[in-house]
Amino acid sequence: MNEIERVIQLLSRLPGLGPRSARRAALHMINRRESLMQPLAQALKDAGEAIKICGTCGNLDTADPCGVCSNPARDGTILCVVEQVADLWALERTASFKGRYHVLGGVLSAIDGVGPEDLNISALVERCSGEVKEVILATNLTVEGQTTAHYIIERLEPTGVAVTRLAHGVPVGGELDYLDDGTLSAALQARRALG
Amino acid sequence: MEWRDDGIILNVRKHGESGAIVSLLTRAHGRYAGLVRGGRSSRLRGILQPGNLIRADWRARLVEHLGNMTVEPLESRVAPLLIHPGRLAALTSACAILEAALPERQAAPEMFDLMDLLTRHLGDDDWAATYVRWEAAMLTALGFGLDLTACAATGVTDNLTYVSPKTARAVSEEAAGPYKERLLPLPPFLLEDADDGRVPDADEIRDGLRLTGFFLDQMVMGPAGKHLPDERGRIF
């Protein structure tokens with residue numbers, strides 16, 4: 001396998017890319033070797049060497065503790081618990097949460113044999129013995145996500161911190177006619193008084 | 001090779017970027033898996049949750065292939081349970097036990113009916129008793145049923161309060177005598193004539209879970225080299 005084939009093969013492993021689109025991407029880079037390919041290769045090399053998992057929250061960053069954990073402007077009394085780093089990034093995009101995060105690294109799964117010891121839950125309990133006053137559970141509204149949330153509630157009970165969760169229901173711009181039964185059912189259960 | 005059947009979702013595994021391998025418990029085809037293309041899309045993610053009832057079309061060139069499955073939602077049974085830790089644990093425990101205990105592709109209409117009944121009644125007040133009864137009924141369907149009709153030692157049918165861990169047969173209070181410590185307590189709600197409309201208390205549920213759990217572990221999960229799911233311990 002020559003260098004070009006190797007690049008194509010590696011690119012085709014990326015999400016959203018198959019062999020055909022990997023070939024197109026490779027060709028695109030080869031045609032822009034100096035302006036794109038070499039800087040990209042350098043950026044990937046640098047990132048590969050510099051990226052660390054934050055020892056406090058489990059986020060990905062080039063520093064440990066990460067930018068969120070070390071930011072003094074962030075409210076350290078509120079923790080938002082997410083399943084994956086991608087969820088943390090999604091919440092950061094909203095720019096509406098000013099607290100800190102805790103990344104679990106997955107969810108409990110009886111069938112797949114994922115237990116509490118496989119997740120970053122003990123560290124969460126430890127963090128809650130300090131300045132944390134509220135924990136927001138932002139696990140997915142799936143069977144496994146909610147099973148994990150209930151388990152965390154159980155584990156956090158002795159710490160005395162307030163535990164809240166994200167609201168479940170009709171999305172912004174959602175039309176009732178097009179919503180699935182489960183979402184409608186969750187929305188009805190989570191209704192709240194107006195005024 | 002193709003079939004269409006109603007099924008209860010037992011497990012969903014990611015496959016590739018957007019697909020999912022879905023394991024179903026169907027009435028006529030038993031436990032069956034298939035690849036659902038786009039199974040992780042926003043349209044299907046809410047439908048493909050363990051416990052939901054769907055209509056599946058399974059198709060493959062050869063019967064031994066994994067096969068492609070298309071799904072149509074029939075009833076979203078899991079959504080109302082998501083906020084209840086115990087009920088959710090009962091549902092995931094039931095799915096995990098069936099996934100571990102049932103052979104693939106063998107018709108199990110009785111198992112489907114039992115799971116159908118369980119998922120329809122997990123929202124009721126006596127959901128925990130329903131779950132214990134489901135485990136007892138499942139043991140029976142698998143050929144390891146408890147014999148709670150009469151005392152194994154004396155033959156009496158009254159005052160049955162224990163079960164022998166060796167024979168799975170009921171033992172009366174009088175016959176239990178000095179062996180009580182070695183027997184498993186039998187909660188009254190598991191007896192056939194116990195339909196008094198009363199919701200069993202916490203101790204009875206715990207006794208029931210201990211009883212069915214013992215035999216599930218010894219007869220079903222253990223021989224298959226598996227353990228009872230952790231979620232079962234969080235039911236009550």
# chains A, B, ... in the order shown; residues from 1 in each chain; ligands from 1

$ residues_around --residues "Ile235 in chain B" --least-positions-apart "6" --cutoff "6 Å" --atoms "only C-alpha atoms" --output "VMD selection string"
chain B and resid 86 89 to 90

$ write_last_selection --atoms "N, CA, C and O atoms" --output "compact mmCIF listing (two decimals), in the first residue's frame"
# COMPACT_ATOMS: atom_id res chain seq x y z
N GLY B 86 -37.57 2.58 39.78
CA GLY B 86 -37.85 1.16 40.02
C GLY B 86 -38.47 0.49 38.81
O GLY B 86 -38.07 -0.61 38.41
N ALA B 89 -35.93 0.12 36.12
CA ALA B 89 -35.00 -0.97 36.45
C ALA B 89 -35.66 -2.32 36.18
O ALA B 89 -35.01 -3.25 35.68
N ALA B 90 -36.96 -2.44 36.48
CA ALA B 90 -37.68 -3.69 36.24
C ALA B 90 -37.72 -3.99 34.73
O ALA B 90 -37.49 -5.12 34.31

$ select_by_dssp --residues "range 86-200 of chain B" --states "helix (DSSP H, G or I)" --output "ChimeraX atom specification"
/B:86-101,109-121,127-141,173-182,188-190

$ write_last_selection --atoms "C-alpha atoms" --output "mmCIF file, in the first residue's frame"
data_model
loop_
_atom_site.group_PDB
_atom_site.id
_atom_site.type_symbol
_atom_site.label_atom_id
_atom_site.label_comp_id
_atom_site.auth_asym_id
_atom_site.auth_seq_id
_atom_site.Cartn_x
_atom_site.Cartn_y
_atom_site.Cartn_z
ATOM 1 C CA GLY B 86 -37.850 1.164 40.018
ATOM 2 C CA ARG B 87 -40.129 0.578 37.041
ATOM 3 C CA LEU B 88 -37.338 1.409 34.621
ATOM 4 C CA ALA B 89 -34.999 -0.973 36.451
ATOM 5 C CA ALA B 90 -37.684 -3.692 36.236
ATOM 6 C CA LEU B 91 -38.043 -3.159 32.496
ATOM 7 C CA THR B 92 -34.295 -3.207 31.791
ATOM 8 C CA SER B 93 -33.865 -6.216 34.053
ATOM 9 C CA ALA B 94 -36.614 -8.113 32.192
ATOM 10 C CA CYS B 95 -35.056 -7.251 28.821
ATOM 11 C CA ALA B 96 -31.587 -8.315 29.991
ATOM 12 C CA ILE B 97 -32.875 -11.605 31.423
ATOM 13 C CA LEU B 98 -34.752 -12.463 28.214
ATOM 14 C CA GLU B 99 -31.780 -11.500 26.087
ATOM 15 C CA ALA B 100 -29.570 -13.811 28.142
ATOM 16 C CA ALA B 101 -31.990 -16.673 28.731
ATOM 17 C CA PRO B 109 -45.411 -17.157 22.085
ATOM 18 C CA GLU B 110 -45.810 -17.654 25.830
ATOM 19 C CA MET B 111 -42.708 -15.544 26.513
ATOM 20 C CA PHE B 112 -43.999 -12.833 24.214
ATOM 21 C CA ASP B 113 -47.382 -12.809 25.964
ATOM 22 C CA LEU B 114 -45.713 -12.609 29.381
ATOM 23 C CA MET B 115 -43.442 -9.731 28.317
ATOM 24 C CA ASP B 116 -46.369 -8.015 26.621
ATOM 25 C CA LEU B 117 -48.346 -8.235 29.852
ATOM 26 C CA LEU B 118 -45.411 -6.978 31.929
ATOM 27 C CA THR B 119 -44.687 -3.954 29.734
ATOM 28 C CA ARG B 120 -48.386 -3.033 29.706
ATOM 29 C CA HIS B 121 -48.671 -3.163 33.499
ATOM 30 C CA TRP B 127 -45.932 -2.955 39.263
ATOM 31 C CA ALA B 128 -43.350 -4.547 41.582
ATOM 32 C CA ALA B 129 -45.618 -7.524 42.319
ATOM 33 C CA THR B 130 -46.335 -7.789 38.582
ATOM 34 C CA TYR B 131 -42.594 -7.980 37.933
ATOM 35 C CA VAL B 132 -42.080 -10.737 40.526
ATOM 36 C CA ARG B 133 -45.039 -12.662 39.088
ATOM 37 C CA TRP B 134 -43.500 -12.231 35.638
ATOM 38 C CA GLU B 135 -40.234 -13.793 36.830
ATOM 39 C CA ALA B 136 -42.121 -16.698 38.413
ATOM 40 C CA ALA B 137 -44.168 -17.205 35.237
ATOM 41 C CA MET B 138 -41.030 -17.018 33.140
ATOM 42 C CA LEU B 139 -39.390 -19.728 35.246
ATOM 43 C CA THR B 140 -42.456 -21.889 34.608
ATOM 44 C CA ALA B 141 -42.356 -21.196 30.862
ATOM 45 C CA GLU B 173 -45.250 -22.953 58.251
ATOM 46 C CA GLU B 174 -45.711 -26.057 60.418
ATOM 47 C CA ALA B 175 -43.490 -28.291 58.293
ATOM 48 C CA ALA B 176 -40.772 -25.651 58.018
ATOM 49 C CA GLY B 177 -40.103 -25.906 61.779
ATOM 50 C CA PRO B 178 -36.368 -25.820 62.487
ATOM 51 C CA TYR B 179 -35.460 -25.579 58.773
ATOM 52 C CA LYS B 180 -36.870 -22.074 58.322
ATOM 53 C CA GLU B 181 -33.439 -20.500 58.058
ATOM 54 C CA ARG B 182 -32.556 -22.722 55.125
ATOM 55 C CA PRO B 188 -48.548 -14.635 49.849
ATOM 56 C CA PHE B 189 -49.093 -12.688 46.608
ATOM 57 C CA LEU B 190 -47.358 -15.439 44.617
#

$ interface_residues --of "chain A" --to "chain B" --cutoff "8 Å" --atoms "only C-alpha atoms" --output "PDB file with all heavy atoms, in the first residue's frame"
ATOM      1  N   PRO A  15     -16.027   9.250  10.554  1.00  0.00           N
ATOM      2  CA  PRO A  15     -17.483   9.249  10.429  1.00  0.00           C
ATOM      3  C   PRO A  15     -17.942  10.103   9.257  1.00  0.00           C
ATOM      4  O   PRO A  15     -17.403  11.182   9.024  1.00  0.00           O
ATOM      5  CB  PRO A  15     -17.971   9.841  11.758  1.00  0.00           C
ATOM      6  CG  PRO A  15     -16.785  10.350  12.463  1.00  0.00           C
ATOM      7  CD  PRO A  15     -15.573   9.779  11.840  1.00  0.00           C
ATOM      8  N   GLY A  16     -18.882   9.603   8.502  1.00  0.00           N
ATOM      9  CA  GLY A  16     -19.419  10.360   7.363  1.00  0.00           C
ATOM     10  C   GLY A  16     -18.665  10.140   6.079  1.00  0.00           C
ATOM     11  O   GLY A  16     -19.084  10.610   5.030  1.00  0.00           O
ATOM     12  N   ALA A 110     -27.167  -2.922  31.217  1.00  0.00           N
ATOM     13  CA  ALA A 110     -27.209  -4.284  31.769  1.00  0.00           C
ATOM     14  C   ALA A 110     -26.821  -5.299  30.707  1.00  0.00           C
ATOM     15  O   ALA A 110     -26.082  -6.244  30.970  1.00  0.00           O
ATOM     16  CB  ALA A 110     -28.611  -4.579  32.285  1.00  0.00           C
ATOM     17  N   ILE A 111     -27.297  -5.095  29.490  1.00  0.00           N
ATOM     18  CA  ILE A 111     -27.076  -6.087  28.438  1.00  0.00           C
ATOM     19  C   ILE A 111     -25.635  -6.048  27.932  1.00  0.00           C
ATOM     20  O   ILE A 111     -25.029  -7.089  27.684  1.00  0.00           O
ATOM     21  CB  ILE A 111     -28.093  -5.868  27.299  1.00  0.00           C
ATOM     22  CG1 ILE A 111     -29.482  -6.276  27.809  1.00  0.00           C
ATOM     23  CG2 ILE A 111     -27.724  -6.676  26.057  1.00  0.00           C
ATOM     24  CD1 ILE A 111     -30.610  -5.999  26.885  1.00  0.00           C
ATOM     25  N   GLY A 115     -21.055  -1.401  33.886  1.00  0.00           N
ATOM     26  CA  GLY A 115     -21.464  -1.146  35.271  1.00  0.00           C
ATOM     27  C   GLY A 115     -20.956   0.191  35.764  1.00  0.00           C
ATOM     28  O   GLY A 115     -20.192   0.871  35.059  1.00  0.00           O
ATOM     29  N   LEU A 141     -32.404  11.092  27.015  1.00  0.00           N
ATOM     30  CA  LEU A 141     -33.719  10.544  27.402  1.00  0.00           C
ATOM     31  C   LEU A 141     -33.917   9.191  26.709  1.00  0.00           C
ATOM     32  O   LEU A 141     -34.793   9.018  25.868  1.00  0.00           O
ATOM     33  CB  LEU A 141     -34.839  11.521  27.037  1.00  0.00           C
ATOM     34  CG  LEU A 141     -36.223  11.177  27.599  1.00  0.00           C
ATOM     35  CD1 LEU A 141     -36.198  11.098  29.102  1.00  0.00           C
ATOM     36  CD2 LEU A 141     -37.255  12.161  27.141  1.00  0.00           C
ATOM     37  N   THR A 142     -33.051   8.274  27.083  1.00  0.00           N
ATOM     38  CA  THR A 142     -33.151   6.900  26.596  1.00  0.00           C
ATOM     39  C   THR A 142     -33.225   6.006  27.826  1.00  0.00           C
ATOM     40  O   THR A 142     -32.979   6.479  28.950  1.00  0.00           O
ATOM     41  CB  THR A 142     -31.900   6.509  25.786  1.00  0.00           C
ATOM     42  OG1 THR A 142     -30.753   6.668  26.640  1.00  0.00           O
ATOM     43  CG2 THR A 142     -31.731   7.390  24.556  1.00  0.00           C
ATOM     44  N   VAL A 143     -33.537   4.740  27.606  1.00  0.00           N
ATOM     45  CA  VAL A 143     -33.628   3.821  28.740  1.00  0.00           C
ATOM     46  C   VAL A 143     -32.308   3.798  29.497  1.00  0.00           C
ATOM     47  O   VAL A 143     -32.273   3.916  30.725  1.00  0.00           O
ATOM     48  CB  VAL A 143     -34.017   2.405  28.241  1.00  0.00           C
ATOM     49  CG1 VAL A 143     -33.840   1.379  29.343  1.00  0.00           C
ATOM     50  CG2 VAL A 143     -35.453   2.405  27.744  1.00  0.00           C
ATOM     51  N   GLN A 146     -31.493   7.275  31.257  1.00  0.00           N
ATOM     52  CA  GLN A 146     -32.290   7.522  32.455  1.00  0.00           C
ATOM     53  C   GLN A 146     -31.961   6.537  33.573  1.00  0.00           C
ATOM     54  O   GLN A 146     -32.003   6.889  34.744  1.00  0.00           O
ATOM     55  CB  GLN A 146     -33.788   7.467  32.116  1.00  0.00           C
ATOM     56  CG  GLN A 146     -34.238   8.628  31.249  1.00  0.00           C
ATOM     57  CD  GLN A 146     -33.829   9.984  31.807  1.00  0.00           C
ATOM     58  OE1 GLN A 146     -34.293  10.407  32.851  1.00  0.00           O
ATOM     59  NE2 GLN A 146     -32.926  10.674  31.123  1.00  0.00           N
ATOM     60  N   THR A 147     -31.603   5.302  33.195  1.00  0.00           N
ATOM     61  CA  THR A 147     -31.162   4.339  34.223  1.00  0.00           C
ATOM     62  C   THR A 147     -29.919   4.889  34.913  1.00  0.00           C
ATOM     63  O   THR A 147     -29.786   4.826  36.142  1.00  0.00           O
ATOM     64  CB  THR A 147     -30.846   2.972  33.560  1.00  0.00           C
ATOM     65  OG1 THR A 147     -32.037   2.498  32.931  1.00  0.00           O
ATOM     66  CG2 THR A 147     -30.375   1.949  34.566  1.00  0.00           C
ATOM     67  N   HIS A 150     -30.899   7.769  37.270  1.00  0.00           N
ATOM     68  CA  HIS A 150     -31.476   7.310  38.541  1.00  0.00           C
ATOM     69  C   HIS A 150     -30.388   6.750  39.463  1.00  0.00           C
ATOM     70  O   HIS A 150     -30.431   6.953  40.680  1.00  0.00           O
ATOM     71  CB  HIS A 150     -32.538   6.227  38.288  1.00  0.00           C
ATOM     72  CG  HIS A 150     -33.752   6.741  37.569  1.00  0.00           C
ATOM     73  ND1 HIS A 150     -34.418   7.871  37.959  1.00  0.00           N
ATOM     74  CD2 HIS A 150     -34.405   6.298  36.472  1.00  0.00           C
ATOM     75  CE1 HIS A 150     -35.439   8.090  37.144  1.00  0.00           C
ATOM     76  NE2 HIS A 150     -35.448   7.150  36.230  1.00  0.00           N
ATOM     77  N   ASP A 180     -43.333  11.985  18.145  1.00  0.00           N
ATOM     78  CA  ASP A 180     -43.603  10.578  18.453  1.00  0.00           C
ATOM     79  C   ASP A 180     -44.317  10.480  19.807  1.00  0.00           C
ATOM     80  O   ASP A 180     -44.285  11.418  20.617  1.00  0.00           O
ATOM     81  CB  ASP A 180     -42.307   9.774  18.453  1.00  0.00           C
ATOM     82  CG  ASP A 180     -41.364  10.215  19.532  1.00  0.00           C
ATOM     83  OD1 ASP A 180     -40.675  11.248  19.345  1.00  0.00           O
ATOM     84  OD2 ASP A 180     -41.337   9.567  20.577  1.00  0.00           O
ATOM     85  N   ASP A 181     -44.953   9.323  20.032  1.00  0.00           N
ATOM     86  CA  ASP A 181     -45.752   9.129  21.252  1.00  0.00           C
ATOM     87  C   ASP A 181     -44.928   9.337  22.513  1.00  0.00           C
ATOM     88  O   ASP A 181     -45.405   9.885  23.500  1.00  0.00           O
ATOM     89  CB  ASP A 181     -46.309   7.691  21.295  1.00  0.00           C
ATOM     90  CG  ASP A 181     -47.189   7.405  20.111  1.00  0.00           C
ATOM     91  OD1 ASP A 181     -47.465   8.338  19.342  1.00  0.00           O
ATOM     92  OD2 ASP A 181     -47.592   6.241  19.957  1.00  0.00           O
ATOM     93  N   GLY A 182     -43.687   8.843  22.476  1.00  0.00           N
ATOM     94  CA  GLY A 182     -42.837   8.931  23.665  1.00  0.00           C
ATOM     95  C   GLY A 182     -42.562  10.369  24.067  1.00  0.00           C
ATOM     96  O   GLY A 182     -42.643  10.726  25.248  1.00  0.00           O
ATOM     97  N   THR A 183     -42.254  11.220  23.082  1.00  0.00           N
ATOM     98  CA  THR A 183     -41.960  12.625  23.377  1.00  0.00           C
ATOM     99  C   THR A 183     -43.212  13.316  23.909  1.00  0.00           C
ATOM    100  O   THR A 183     -43.146  14.076  24.886  1.00  0.00           O
ATOM    101  CB  THR A 183     -41.472  13.337  22.088  1.00  0.00           C
ATOM    102  OG1 THR A 183     -40.382  12.599  21.567  1.00  0.00           O
ATOM    103  CG2 THR A 183     -41.040  14.762  22.369  1.00  0.00           C
ATOM    104  N   SER A 185     -45.714  11.927  25.426  1.00  0.00           N
ATOM    105  CA  SER A 185     -45.994  11.393  26.756  1.00  0.00           C
ATOM    106  C   SER A 185     -45.091  12.069  27.787  1.00  0.00           C
ATOM    107  O   SER A 185     -45.553  12.468  28.873  1.00  0.00           O
ATOM    108  CB  SER A 185     -45.773   9.884  26.726  1.00  0.00           C
ATOM    109  OG  SER A 185     -45.775   9.358  27.990  1.00  0.00           O
ATOM    110  N   ALA A 186     -43.794  12.228  27.452  1.00  0.00           N
ATOM    111  CA  ALA A 186     -42.852  12.882  28.380  1.00  0.00           C
ATOM    112  C   ALA A 186     -43.235  14.345  28.582  1.00  0.00           C
ATOM    113  O   ALA A 186     -43.147  14.872  29.689  1.00  0.00           O
ATOM    114  CB  ALA A 186     -41.432  12.775  27.825  1.00  0.00           C
ATOM    115  N   GLN A 189     -46.172  14.525  30.946  1.00  0.00           N
ATOM    116  CA  GLN A 189     -45.772  14.254  32.330  1.00  0.00           C
ATOM    117  C   GLN A 189     -45.026  15.431  32.941  1.00  0.00           C
ATOM    118  O   GLN A 189     -45.132  15.696  34.127  1.00  0.00           O
ATOM    119  CB  GLN A 189     -44.877  13.014  32.370  1.00  0.00           C
ATOM    120  CG  GLN A 189     -45.653  11.727  32.299  1.00  0.00           C
ATOM    121  CD  GLN A 189     -44.750  10.526  32.401  1.00  0.00           C
ATOM    122  OE1 GLN A 189     -43.533  10.656  32.396  1.00  0.00           O
ATOM    123  NE2 GLN A 189     -45.326   9.360  32.461  1.00  0.00           N
TER     124      GLN A 189
END

$ residues_around --residues "Leu60 in chain A" --least-positions-apart "4" --cutoff "8 Å" --atoms "only C-alpha atoms" --output "PyMOL selection string"
chain A and resi 51-54+66+85

$ residues_around --residues "range 118-121 of chain A" --least-positions-apart "6" --cutoff "8 Å" --atoms "only C-alpha atoms" --output "short mmCIF file (atom, residue, chain, number, x, y, z; two decimals) with N, CA and C atoms, in the first residue's frame"
data_model
loop_
_atom_site.label_atom_id
_atom_site.label_comp_id
_atom_site.auth_asym_id
_atom_site.auth_seq_id
_atom_site.Cartn_x
_atom_site.Cartn_y
_atom_site.Cartn_z
N GLY A 58 -13.25 15.13 32.92
CA GLY A 58 -13.30 14.16 31.83
C GLY A 58 -13.42 14.79 30.46
N VAL A 103 -18.10 14.64 32.79
CA VAL A 103 -18.35 13.70 31.68
C VAL A 103 -18.27 12.26 32.22
N LEU A 104 -19.36 11.50 32.04
CA LEU A 104 -19.41 10.14 32.58
C LEU A 104 -18.60 9.15 31.74
N GLY A 105 -18.54 9.39 30.45
CA GLY A 105 -17.83 8.48 29.56
C GLY A 105 -18.68 7.30 29.11
N GLY A 106 -19.99 7.43 29.20
CA GLY A 106 -20.88 6.35 28.74
C GLY A 106 -22.11 6.27 29.62
N VAL A 107 -22.84 5.17 29.49
CA VAL A 107 -24.05 4.96 30.29
C VAL A 107 -24.08 3.52 30.80
N LEU A 108 -24.84 3.31 31.86
CA LEU A 108 -24.99 1.95 32.39
C LEU A 108 -25.77 1.11 31.39
N ILE A 152 -27.27 7.69 39.54
CA ILE A 152 -26.49 8.82 40.06
C ILE A 152 -27.25 9.52 41.19
#

$ select_by_dssp --residues "range 26-73 of chain A" --states "strand (DSSP E)" --output "JSON, numbers by chain"
{"A": [52, 53, 60, 61]}

$ atom_distance --atom1 "CA of Val36 in chain B" --atom2 "CA of Gln84 in chain A"
23.8 Å

$ residues_around --residues "Ala167 in chain A" --least-positions-apart "2" --cutoff "9 Å" --atoms "only C-alpha atoms" --output "list of chain:residue names"
A:Arg165, A:Gly169, A:Ala187, A:Ala190

$ closest_residue --among "B:Thr149, B:Asn68, B:Thr212, B:Ser164" --to "Val22 in chain B" --atoms "only C-alpha atoms"
B:Asn68

$ atom_distance --atom1 "CA of Leu66 in chain B" --atom2 "CA of Ala33 in chain B"
6.8 Å

$ residues_around --residues "range 24-31 of chain B" --least-positions-apart "3" --cutoff "6 Å" --atoms "only C-alpha atoms" --output "short mmCIF file (atom, residue, chain, number, x, y, z; two decimals) with N, CA, C and O atoms, in the first residue's frame"
data_model
loop_
_atom_site.label_atom_id
_atom_site.label_comp_id
_atom_site.auth_asym_id
_atom_site.auth_seq_id
_atom_site.Cartn_x
_atom_site.Cartn_y
_atom_site.Cartn_z
N ASP B 6 -45.12 -8.72 15.17
CA ASP B 6 -45.03 -7.71 16.22
C ASP B 6 -43.98 -8.16 17.22
O ASP B 6 -43.86 -9.36 17.50
N GLY B 7 -43.25 -7.21 17.75
CA GLY B 7 -42.20 -7.59 18.69
C GLY B 7 -41.92 -6.51 19.73
O GLY B 7 -42.20 -5.33 19.51
N ILE B 8 -41.39 -6.97 20.85
CA ILE B 8 -40.99 -6.03 21.91
C ILE B 8 -39.47 -5.91 21.85
O ILE B 8 -38.77 -6.93 21.83
N ILE B 9 -38.98 -4.69 21.83
CA ILE B 9 -37.54 -4.48 21.70
C ILE B 9 -36.84 -4.88 22.99
O ILE B 9 -37.24 -4.45 24.08
N LEU B 10 -35.80 -5.73 22.86
CA LEU B 10 -35.03 -6.14 24.03
C LEU B 10 -33.72 -5.38 24.13
O LEU B 10 -33.24 -5.07 25.21
N GLU B 104 -32.03 -17.91 20.43
CA GLU B 104 -32.43 -17.09 19.28
C GLU B 104 -33.26 -17.90 18.29
O GLU B 104 -33.05 -19.10 18.13
N ARG B 105 -34.21 -17.23 17.68
CA ARG B 105 -34.98 -17.76 16.55
C ARG B 105 -35.76 -19.03 16.87
O ARG B 105 -35.84 -19.95 16.07
N GLN B 106 -36.27 -19.11 18.10
CA GLN B 106 -37.15 -20.22 18.45
C GLN B 106 -38.45 -19.61 18.92
O GLN B 106 -38.45 -18.83 19.88
N ALA B 107 -39.54 -19.98 18.29
CA ALA B 107 -40.83 -19.39 18.63
C ALA B 107 -41.11 -19.52 20.12
O ALA B 107 -40.90 -20.58 20.70
N ALA B 108 -41.54 -18.42 20.73
CA ALA B 108 -41.82 -18.44 22.16
C ALA B 108 -43.05 -17.56 22.43
O ALA B 108 -42.94 -16.52 23.07
N PRO B 109 -44.21 -18.00 21.93
CA PRO B 109 -45.41 -17.16 22.09
C PRO B 109 -45.76 -16.86 23.54
O PRO B 109 -46.20 -15.77 23.86
N PHE B 112 -43.56 -14.11 24.76
CA PHE B 112 -44.00 -12.83 24.21
C PHE B 112 -45.22 -12.33 24.99
O PHE B 112 -45.27 -11.16 25.38
#

$ atom_distance --atom1 "CA of Gly160 in chain A" --atom2 "CA of Ser129 in chain A"
8.8 Å

$ residues_around --residues "Thr154 in chain B" --least-positions-apart "2" --cutoff "12 Å" --atoms "only C-alpha atoms" --output "list in words"
Thr149, Ala150, Cys151, Ala152, Val156, Thr157, Asp158, Asn159, Leu160, Arg169, Ala170, Val171, Ser172, Glu173, Glu174, Ala175 and Ala176 of chain B
